[in-house]
2 protein chains.
Amino acid sequence: MEIRIFKKIGFIGSGQVASHLSTSLYEKGYSIEQLYSRTYAHSELLANKINAKAIITLKDFDLDTDLIIVSTSDSALSELDFSVLPDHIMICHTSGSVGIEIFEGRKNYGVFYPLQTFSRQSNPDIDKIPFCIEANTTANTQALKVLAETLSSKVCEISSEQRAKLHLAAVFACNFTNAMYSIAEEILLSSEMDFDLLRPLIEETAKKTQAHSAREVQTGPAVRNDVGIMKKHEEMLKDHPEYADIYQRISKIILNNRKSK
Amino acid sequence: MEIRIFKKIGFIGSGQVASHLSTSLYEKGYSIEQLYSRTYAHSELLANKINAKAIITLKDFDLDTDLIIVSTSDSALSELDFSVLPDHIMICHTSGSVGIEIFEGRKNYGVFYPLQTFSRQSNPDIDKIPFCIEANTTANTQALKVLAETLSSKVCEISSEQRAKLHLAAVFACNFTNAMYSIAEEILLSSEMDFDLLRPLIEETAKKTQAHSAREVQTGPAVRNDVGIMKKHEEMLKDHPEYADIYQRISKIILNNRKSK
């Protein structure tokens, strides 16, 4: 089977994922000639960085574009009218939570999902980011895999159903984890302590799970069923009933998961 | 003011904290001559590593011991009868959640709390661990600070009240964070995906907060108030009502904290 190599890539979107992905591809030598996003000023800013041209409508994409990567919010993705793009152009999105069927009816399409949190404040090593690939044909899957492998050493095929679960899991592992950090930060600041005190602990907690199952390395009052401390903690949270409430519920989950080991 | 230097240190306890602390002090050249813990076999094992002698009762501590560090569980700590130890020996515990007043009535006492998660599976760099110090007199505080500074570059004075808050915050930042990892792991395994997929995200999430306020770098459906995705996620968790429940509650906290910025 001959593997399709994408020579001319277009981008839709100018947010964090679009910015990190397009820049990485550009740095790997891919030619990204055109970029579209709803706000022209944003398109232009990103396009300038990757030697691309900002275009003002989807119809402006060149006919010899091989692949268009759509990195927008999920709602923007659902509002785009891809029917104006000729069928030979492959289109893929980068969303964790949108199924591949959004492109149904087209000839060549897929999903190119980098599992990482991107922000202005961070620049994660792209080589370590898992890329989750899905496409409508074996040939298209292969082509997207080859593209992903030029960026990362962790490329895998993941179905839309699995990807939805993966995205849900990522909300717990990333967004909710950060919410825990944020509550901790608030508790410290309210007692005139610096968040810096907790940073080494946060780092170590994440490090410990790099080589171990999270369930196996669980520590703390809940897993020991130390009722005395837990009661004290809930009492200390009395001014924040919503925090006391999740304290109780998460502790119960930890205890139950221990029991069912 | 002359600062008291501890020449002969005794240990009570043989768990993870006792093991990491006594080993670190031993490696820094401190003489730890005697060690007591409830289970003699455990005492002996640790004592052998640090060239100490395992003793079978508190009364066996030499009279010229300067300092005894108590690293036991909180419940074991409350059951120990320190009155058998002569008053000139300073005693300190290493607990995040026990007040300094547990030693009230003695002449020299304090708290020597390393804010880190210790386990067999990890060996955090002791130099980066914050040590939270408290003692009954200024001279004793200074002496404990000097001792801590030989181990770590992050030593601070923290009152018992603050320490209780700090420990509560650590439960969120470490134990509850690990519970989030654990739920994520369970979701992946139930869909035949490897936890490895999420490890780079976990690492990056912890890294991002090393240089930023956690609240400021919050991402995800909740902070965007993306009701569509959140509904889908809760639906996907219908077989785990306790997970769906905290999904909803943590999302609400994230959204409210954003609003009140």
# chains A, B, ... in the order shown; residues from 1 in each chain; ligands from 1
>>> residues_around(residues="Gly29 in chain B", least_positions_apart="6", cutoff="10 Å", atoms="only C-alpha atoms", output="MDAnalysis selection string")
chainID B and resid 7 23 150
>>> write_last_selection(atoms="N, CA, C and O atoms", output="PDB file, in the first residue's frame")
ATOM      1  N   LYS B   7      23.562  16.834  68.844  1.00  0.00           N
ATOM      2  CA  LYS B   7      24.674  15.920  68.555  1.00  0.00           C
ATOM      3  C   LYS B   7      24.226  14.479  68.537  1.00  0.00           C
ATOM      4  O   LYS B   7      24.787  13.647  67.826  1.00  0.00           O
ATOM      5  N   THR B  23      17.324   8.516  57.498  1.00  0.00           N
ATOM      6  CA  THR B  23      18.366   8.219  56.519  1.00  0.00           C
ATOM      7  C   THR B  23      19.033   9.505  56.032  1.00  0.00           C
ATOM      8  O   THR B  23      20.264   9.578  55.920  1.00  0.00           O
ATOM      9  N   THR B 150      20.062  21.963  57.379  1.00  0.00           N
ATOM     10  CA  THR B 150      21.112  21.065  56.892  1.00  0.00           C
ATOM     11  C   THR B 150      20.521  20.082  55.873  1.00  0.00           C
ATOM     12  O   THR B 150      21.251  19.481  55.097  1.00  0.00           O
TER      13      THR B 150
END
>>> residues_around(residues="Arg120 in chain B", least_positions_apart="4", cutoff="10 Å", atoms="only C-alpha atoms", output="MDAnalysis selection string")
(chainID A and resid 217) or (chainID B and resid 15:16 19:20)
>>> write_last_selection(atoms="all heavy atoms", output="PDB file, in the first residue's frame")
ATOM      1  N   VAL A 217      -0.788   3.821  44.553  1.00  0.00           N
ATOM      2  CA  VAL A 217       0.037   4.743  45.340  1.00  0.00           C
ATOM      3  C   VAL A 217      -0.807   5.759  46.127  1.00  0.00           C
ATOM      4  O   VAL A 217      -0.289   6.774  46.603  1.00  0.00           O
ATOM      5  CB  VAL A 217       1.090   5.482  44.470  1.00  0.00           C
ATOM      6  CG1 VAL A 217       2.092   4.486  43.903  1.00  0.00           C
ATOM      7  CG2 VAL A 217       0.432   6.271  43.353  1.00  0.00           C
TER       8      VAL A 217
ATOM      9  N   GLY B  15       8.201   4.000  59.884  1.00  0.00           N
ATOM     10  CA  GLY B  15       7.450   4.090  58.627  1.00  0.00           C
ATOM     11  C   GLY B  15       8.202   4.889  57.571  1.00  0.00           C
ATOM     12  O   GLY B  15       9.416   5.095  57.685  1.00  0.00           O
ATOM     13  N   GLN B  16       7.466   5.352  56.562  1.00  0.00           N
ATOM     14  CA  GLN B  16       8.088   6.048  55.440  1.00  0.00           C
ATOM     15  C   GLN B  16       8.763   7.351  55.857  1.00  0.00           C
ATOM     16  O   GLN B  16       9.888   7.630  55.455  1.00  0.00           O
ATOM     17  CB  GLN B  16       7.058   6.330  54.342  1.00  0.00           C
ATOM     18  CG  GLN B  16       6.562   5.081  53.623  1.00  0.00           C
ATOM     19  CD  GLN B  16       7.710   4.263  53.060  1.00  0.00           C
ATOM     20  OE1 GLN B  16       8.703   4.805  52.559  1.00  0.00           O
ATOM     21  NE2 GLN B  16       7.600   2.953  53.160  1.00  0.00           N
ATOM     22  N   SER B  19      11.782   6.665  58.011  1.00  0.00           N
ATOM     23  CA  SER B  19      12.834   6.076  57.193  1.00  0.00           C
ATOM     24  C   SER B  19      13.545   7.135  56.330  1.00  0.00           C
ATOM     25  O   SER B  19      14.781   7.224  56.327  1.00  0.00           O
ATOM     26  CB  SER B  19      12.210   4.977  56.331  1.00  0.00           C
ATOM     27  OG  SER B  19      13.152   4.494  55.429  1.00  0.00           O
ATOM     28  N   HIS B  20      12.764   7.969  55.621  1.00  0.00           N
ATOM     29  CA  HIS B  20      13.377   8.996  54.772  1.00  0.00           C
ATOM     30  C   HIS B  20      14.132  10.033  55.610  1.00  0.00           C
ATOM     31  O   HIS B  20      15.248  10.423  55.259  1.00  0.00           O
ATOM     32  CB  HIS B  20      12.312   9.691  53.912  1.00  0.00           C
ATOM     33  CG  HIS B  20      11.961   8.928  52.662  1.00  0.00           C
ATOM     34  ND1 HIS B  20      10.948   8.006  52.618  1.00  0.00           N
ATOM     35  CD2 HIS B  20      12.499   8.930  51.430  1.00  0.00           C
ATOM     36  CE1 HIS B  20      10.872   7.490  51.402  1.00  0.00           C
ATOM     37  NE2 HIS B  20      11.809   8.037  50.647  1.00  0.00           N
TER      38      HIS B  20
END
>>> closest_atom_pairs(of="chain B", to="chain A", cutoff="6 Å", atoms="only C-alpha atoms", output="Markdown table")
| residue | atom | partner | partner_atom | distance |
| --- | --- | --- | --- | --- |
| B:Gln116 | CA | A:Leu201 | CA | 5.1 |
| B:Ala169 | CA | A:Ala184 | CA | 4.2 |
| B:Phe172 | CA | A:Met180 | CA | 5.3 |
| B:Ala173 | CA | A:Tyr181 | CA | 4.9 |
| B:Cys174 | CA | A:Thr205 | CA | 5.9 |
| B:Asn175 | CA | A:Gly220 | CA | 5.7 |
| B:Thr177 | CA | A:Thr177 | CA | 5.0 |
| B:Met180 | CA | A:Phe172 | CA | 5.3 |
| B:Tyr181 | CA | A:Ala173 | CA | 4.9 |
| B:Ser182 | CA | A:Ala214 | CA | 4.9 |
| B:Ala184 | CA | A:Ala169 | CA | 4.2 |
| B:Arg199 | CA | A:Gln210 | CA | 5.9 |
| B:Leu201 | CA | A:Gln116 | CA | 5.1 |
| B:Glu203 | CA | A:Ala206 | CA | 5.7 |
| B:Thr205 | CA | A:Cys174 | CA | 5.9 |
| B:Ala206 | CA | A:Glu203 | CA | 5.7 |
| B:Gln210 | CA | A:Arg199 | CA | 5.9 |
| B:Ala214 | CA | A:Ser182 | CA | 4.9 |
| B:Arg215 | CA | A:Ser182 | CA | 5.2 |
| B:Thr219 | CA | A:Asn175 | CA | 5.9 |
| B:Gly220 | CA | A:Asn175 | CA | 5.6 |
>>> residues_around(residues="range 40-44 of chain A", least_positions_apart="5", cutoff="10 Å", atoms="only C-alpha atoms", output="count of residues only")
15
>>> residues_around(residues="range 79-93 of chain A", least_positions_apart="5", cutoff="10 Å", atoms="only C-alpha atoms", output="NGL selection string")
:A and (6 or 9-12 or 57-72 or 74 or 98-100 or 102-103 or 105-113 or 133-135 or 140 or 144)
>>> write_last_selection(atoms="N, CA and C atoms", output="compact mmCIF listing (two decimals), in the first residue's frame")
# COMPACT_ATOMS: atom_id res chain seq x y z
N PHE A 6 1.34 14.13 2.96
CA PHE A 6 0.71 15.44 2.79
C PHE A 6 1.75 16.50 2.49
N ILE A 9 -0.53 21.59 3.54
CA ILE A 9 -1.50 21.49 4.63
C ILE A 9 -2.13 22.86 4.90
N GLY A 10 -3.43 22.84 5.11
CA GLY A 10 -4.12 24.07 5.52
C GLY A 10 -4.59 23.96 6.95
N PHE A 11 -4.80 25.07 7.60
CA PHE A 11 -5.26 25.06 8.99
C PHE A 11 -6.53 25.88 9.15
N ILE A 12 -7.41 25.40 10.01
CA ILE A 12 -8.55 26.20 10.43
C ILE A 12 -8.47 26.34 11.95
N THR A 57 -12.16 33.25 3.85
CA THR A 57 -13.29 32.32 3.77
C THR A 57 -12.76 30.92 3.41
N LEU A 58 -13.51 29.89 3.79
CA LEU A 58 -13.08 28.52 3.49
C LEU A 58 -12.87 28.31 1.98
N LYS A 59 -13.63 29.07 1.20
CA LYS A 59 -13.54 28.91 -0.26
C LYS A 59 -12.17 29.33 -0.82
N ASP A 60 -11.41 30.06 -0.01
CA ASP A 60 -10.11 30.53 -0.48
C ASP A 60 -9.00 29.47 -0.40
N PHE A 61 -9.30 28.32 0.21
CA PHE A 61 -8.26 27.28 0.26
C PHE A 61 -7.91 26.83 -1.16
N ASP A 62 -6.61 26.71 -1.45
CA ASP A 62 -6.16 26.27 -2.77
C ASP A 62 -6.70 24.88 -3.07
N LEU A 63 -6.96 24.62 -4.33
CA LEU A 63 -7.52 23.32 -4.72
C LEU A 63 -6.52 22.18 -4.56
N ASP A 64 -5.23 22.52 -4.58
CA ASP A 64 -4.24 21.44 -4.43
C ASP A 64 -3.81 21.23 -2.97
N THR A 65 -4.59 21.76 -2.04
CA THR A 65 -4.34 21.46 -0.62
C THR A 65 -4.62 19.97 -0.39
N ASP A 66 -3.70 19.29 0.34
CA ASP A 66 -3.87 17.86 0.60
C ASP A 66 -4.74 17.59 1.82
N LEU A 67 -4.50 18.42 2.84
CA LEU A 67 -5.08 18.13 4.15
C LEU A 67 -5.43 19.44 4.83
N ILE A 68 -6.60 19.48 5.43
CA ILE A 68 -6.94 20.64 6.27
C ILE A 68 -7.16 20.15 7.70
N ILE A 69 -6.41 20.73 8.62
CA ILE A 69 -6.56 20.38 10.04
C ILE A 69 -7.40 21.45 10.72
N VAL A 70 -8.49 21.00 11.34
CA VAL A 70 -9.42 21.93 11.97
C VAL A 70 -9.23 21.90 13.49
N SER A 71 -8.65 22.97 14.03
CA SER A 71 -8.43 23.08 15.48
C SER A 71 -9.20 24.26 16.01
N THR A 72 -10.48 24.08 16.15
CA THR A 72 -11.32 25.16 16.68
C THR A 72 -12.00 24.64 17.94
N ASP A 74 -15.25 23.14 19.85
CA ASP A 74 -16.22 22.17 19.32
C ASP A 74 -17.43 22.88 18.71
N VAL A 98 -15.48 15.30 19.86
CA VAL A 98 -16.36 15.28 18.70
C VAL A 98 -16.09 14.00 17.90
N GLY A 99 -17.14 13.27 17.56
CA GLY A 99 -17.00 12.02 16.82
C GLY A 99 -16.53 12.26 15.39
N ILE A 100 -16.02 11.20 14.77
CA ILE A 100 -15.53 11.31 13.40
C ILE A 100 -16.68 11.54 12.41
N ILE A 102 -18.87 13.60 12.21
CA ILE A 102 -19.19 14.98 11.83
C ILE A 102 -18.82 15.24 10.36
N PHE A 103 -17.87 14.43 9.83
CA PHE A 103 -17.44 14.62 8.43
C PHE A 103 -18.13 13.65 7.48
N GLY A 105 -20.07 11.66 4.76
CA GLY A 105 -20.52 12.13 3.45
C GLY A 105 -19.34 12.59 2.62
N ARG A 106 -18.24 12.96 3.29
CA ARG A 106 -17.05 13.34 2.54
C ARG A 106 -16.29 12.09 2.11
N LYS A 107 -15.26 12.29 1.30
CA LYS A 107 -14.50 11.15 0.80
C LYS A 107 -13.31 10.80 1.71
N ASN A 108 -12.64 11.84 2.21
CA ASN A 108 -11.44 11.62 3.03
C ASN A 108 -11.49 12.45 4.30
N TYR A 109 -11.53 11.76 5.43
CA TYR A 109 -11.59 12.51 6.68
C TYR A 109 -11.06 11.70 7.85
N GLY A 110 -10.80 12.39 8.93
CA GLY A 110 -10.27 11.70 10.10
C GLY A 110 -10.19 12.60 11.32
N VAL A 111 -9.50 12.06 12.33
CA VAL A 111 -9.30 12.77 13.59
C VAL A 111 -7.81 12.71 13.93
N PHE A 112 -7.30 13.83 14.42
CA PHE A 112 -5.88 13.98 14.72
C PHE A 112 -5.82 14.65 16.09
N TYR A 113 -5.95 13.83 17.14
CA TYR A 113 -6.16 14.37 18.49
C TYR A 113 -4.91 14.28 19.37
N ILE A 133 -5.28 8.78 16.59
CA ILE A 133 -5.63 8.87 15.18
C ILE A 133 -6.85 8.02 14.85
N GLU A 134 -7.68 8.56 13.97
CA GLU A 134 -8.83 7.80 13.47
C GLU A 134 -9.11 8.34 12.06
N ALA A 135 -9.50 7.47 11.13
CA ALA A 135 -9.84 7.99 9.80
C ALA A 135 -10.86 7.07 9.14
N ASN A 140 -6.26 6.35 4.73
CA ASN A 140 -6.25 7.66 5.40
C ASN A 140 -5.71 7.56 6.83
N LEU A 144 -2.45 9.67 8.18
CA LEU A 144 -2.45 10.52 9.38
C LEU A 144 -1.44 10.03 10.40
>>> atom_distance(atom1="CA of Ser73 in chain A", atom2="CA of Leu25 in chain A")
20.2 Å
>>> atom_distance(atom1="CA of Ser160 in chain B", atom2="CA of Ala143 in chain B")
17.9 Å
>>> atom_distance(atom1="CA of Ile126 in chain B", atom2="CA of Ser24 in chain B")
7.7 Å
>>> select_by_dssp(residues="range 63-255 of chain A", states="helix (DSSP H, G or I)", output="ChimeraX atom specification")
/A:74-79,82-84,100-103,126-128,138-151,160-190,195-208,215-217,227-236,241-255
>>> closest_residue(among="A:Ser31, A:Ser159, A:Asn256, A:Asn225", to="Gly96 in chain A", atoms="only C-alpha atoms")
A:Ser159
>>> select_by_dssp(residues="range 37-127 of chain B", states="strand (DSSP E or B)", output="PyMOL selection string")
chain B and resi 53-55+67-70+90-93+109-114+119+122
>>> write_last_selection(atoms="all heavy atoms", output="CSV table (one decimal), in the first residue's frame")
chain,number,residue,atom,x,y,z
B,53,LYS,N,20.8,1.6,67.0
B,53,LYS,CA,20.5,0.4,67.8
B,53,LYS,C,19.0,0.5,68.0
B,53,LYS,O,18.4,1.5,68.4
B,53,LYS,CB,21.2,0.5,69.1
B,53,LYS,CG,21.1,-0.8,69.9
B,53,LYS,CD,22.0,-0.7,71.2
B,53,LYS,CE,21.9,-2.0,72.0
B,53,LYS,NZ,20.5,-2.3,72.6
B,54,ALA,N,18.3,-0.6,67.7
B,54,ALA,CA,16.9,-0.7,67.9
B,54,ALA,C,16.6,-1.0,69.4
B,54,ALA,O,17.3,-1.9,70.0
B,54,ALA,CB,16.3,-1.8,67.1
B,55,ILE,N,15.8,-0.2,70.1
B,55,ILE,CA,15.5,-0.4,71.5
B,55,ILE,C,14.1,-0.8,71.7
B,55,ILE,O,13.3,-0.7,70.8
B,55,ILE,CB,15.8,0.9,72.3
B,55,ILE,CG1,15.0,2.1,71.7
B,55,ILE,CG2,17.3,1.3,72.3
B,55,ILE,CD1,15.2,3.4,72.5
B,67,LEU,N,17.8,15.1,71.2
B,67,LEU,CA,16.6,15.3,70.5
B,67,LEU,C,16.0,14.0,70.1
B,67,LEU,O,16.7,13.1,69.6
B,67,LEU,CB,16.9,16.1,69.2
B,67,LEU,CG,15.7,16.3,68.2
B,67,LEU,CD1,14.7,17.2,68.7
B,67,LEU,CD2,16.2,16.8,66.8
B,68,ILE,N,14.7,13.9,70.3
B,68,ILE,CA,14.0,12.7,69.8
B,68,ILE,C,13.0,13.1,68.8
B,68,ILE,O,12.1,14.0,69.0
B,68,ILE,CB,13.4,11.9,70.9
B,68,ILE,CG1,14.5,11.3,71.8
B,68,ILE,CG2,12.5,10.7,70.4
B,68,ILE,CD1,14.0,10.5,73.0
B,69,ILE,N,13.1,12.5,67.6
B,69,ILE,CA,12.1,12.9,66.5
B,69,ILE,C,11.1,11.8,66.4
B,69,ILE,O,11.4,10.6,66.3
B,69,ILE,CB,12.8,13.0,65.1
B,69,ILE,CG1,13.8,14.2,65.2
B,69,ILE,CG2,11.8,13.3,64.0
B,69,ILE,CD1,14.6,14.4,63.9
B,70,VAL,N,9.8,12.1,66.6
B,70,VAL,CA,8.7,11.1,66.6
B,70,VAL,C,8.0,11.1,65.3
B,70,VAL,O,7.3,12.1,64.9
B,70,VAL,CB,7.7,11.4,67.7
B,70,VAL,CG1,6.8,10.2,67.9
B,70,VAL,CG2,8.4,11.8,69.0
B,90,MET,N,14.9,17.2,74.1
B,90,MET,CA,13.9,17.9,73.3
B,90,MET,C,13.1,16.8,72.5
B,90,MET,O,13.7,15.9,72.0
B,90,MET,CB,14.5,18.9,72.4
B,90,MET,CG,13.5,19.6,71.5
B,90,MET,SD,14.1,21.2,70.9
B,90,MET,CE,12.8,21.6,69.7
B,91,ILE,N,11.8,17.0,72.4
B,91,ILE,CA,11.0,16.0,71.5
B,91,ILE,C,10.3,16.8,70.5
B,91,ILE,O,9.7,17.8,70.8
B,91,ILE,CB,10.0,15.3,72.4
B,91,ILE,CG1,10.7,14.5,73.6
B,91,ILE,CG2,9.3,14.2,71.6
B,91,ILE,CD1,9.8,13.7,74.4
B,92,CYS,N,10.3,16.3,69.3
B,92,CYS,CA,9.4,16.9,68.3
B,92,CYS,C,8.7,15.8,67.4
B,92,CYS,O,9.3,14.7,67.2
B,92,CYS,CB,10.2,17.9,67.4
B,92,CYS,SG,11.5,17.2,66.4
B,93,HIS,N,7.6,16.2,66.9
B,93,HIS,CA,6.9,15.2,66.0
B,93,HIS,C,6.9,15.8,64.6
B,93,HIS,O,7.3,16.9,64.4
B,93,HIS,CB,5.5,14.9,66.5
B,93,HIS,CG,4.5,16.0,66.3
B,93,HIS,ND1,4.0,16.4,65.1
B,93,HIS,CD2,3.8,16.7,67.3
B,93,HIS,CE1,3.1,17.4,65.3
B,93,HIS,NE2,3.0,17.6,66.6
B,109,TYR,N,10.3,21.3,73.4
B,109,TYR,CA,9.5,20.5,72.4
B,109,TYR,C,9.2,21.3,71.1
B,109,TYR,O,9.3,22.5,71.1
B,109,TYR,CB,8.2,19.9,73.0
B,109,TYR,CG,7.3,20.9,73.6
B,109,TYR,CD1,6.3,21.5,72.8
B,109,TYR,CD2,7.4,21.3,74.9
B,109,TYR,CE1,5.4,22.4,73.4
B,109,TYR,CE2,6.5,22.2,75.5
B,109,TYR,CZ,5.5,22.8,74.7
B,109,TYR,OH,4.7,23.7,75.2
B,110,GLY,N,8.8,20.6,70.1
B,110,GLY,CA,8.5,21.3,68.8
B,110,GLY,C,7.9,20.4,67.8
B,110,GLY,O,7.5,19.2,68.1
B,111,VAL,N,7.9,20.9,66.6
B,111,VAL,CA,7.3,20.2,65.4
B,111,VAL,C,8.3,20.4,64.3
B,111,VAL,O,8.9,21.5,64.1
B,111,VAL,CB,5.9,20.8,65.0
B,111,VAL,CG1,5.4,20.0,63.8
B,111,VAL,CG2,4.9,20.7,66.2
B,112,PHE,N,8.5,19.3,63.5
B,112,PHE,CA,9.5,19.2,62.5
B,112,PHE,C,8.8,18.5,61.3
B,112,PHE,O,8.9,17.3,61.1
B,112,PHE,CB,10.7,18.4,63.0
B,112,PHE,CG,12.0,18.5,62.2
B,112,PHE,CD1,12.8,19.6,62.3
B,112,PHE,CD2,12.4,17.4,61.4
B,112,PHE,CE1,14.0,19.6,61.6
B,112,PHE,CE2,13.5,17.4,60.7
B,112,PHE,CZ,14.4,18.5,60.8
B,113,TYR,N,8.0,19.3,60.5
B,113,TYR,CA,7.1,18.7,59.6
B,113,TYR,C,7.6,18.9,58.1
B,113,TYR,O,7.6,20.0,57.6
B,113,TYR,CB,5.7,19.4,59.7
B,113,TYR,CG,4.7,19.1,58.7
B,113,TYR,CD1,4.4,17.8,58.4
B,113,TYR,CD2,3.9,20.1,58.1
B,113,TYR,CE1,3.4,17.5,57.4
B,113,TYR,CE2,2.9,19.8,57.1
B,113,TYR,CZ,2.7,18.5,56.8
B,113,TYR,OH,1.7,18.2,55.9
B,114,PRO,N,8.0,17.8,57.5
B,114,PRO,CA,8.4,17.9,56.1
B,114,PRO,C,7.1,17.7,55.2
B,114,PRO,O,6.4,16.7,55.3
B,114,PRO,CB,9.3,16.7,55.9
B,114,PRO,CG,8.8,15.7,57.0
B,114,PRO,CD,8.1,16.4,58.0
B,119,SER,N,7.0,7.5,50.1
B,119,SER,CA,6.6,6.1,49.9
B,119,SER,C,7.7,5.3,49.5
B,119,SER,O,8.8,5.8,49.2
B,119,SER,CB,5.5,6.1,48.8
B,119,SER,OG,6.0,6.5,47.6
B,122,SER,N,9.1,6.1,45.9
B,122,SER,CA,9.7,7.3,45.5
B,122,SER,C,10.7,7.8,46.5
B,122,SER,O,10.7,7.5,47.6
B,122,SER,CB,8.6,8.4,45.3
B,122,SER,OG,8.1,8.8,46.6
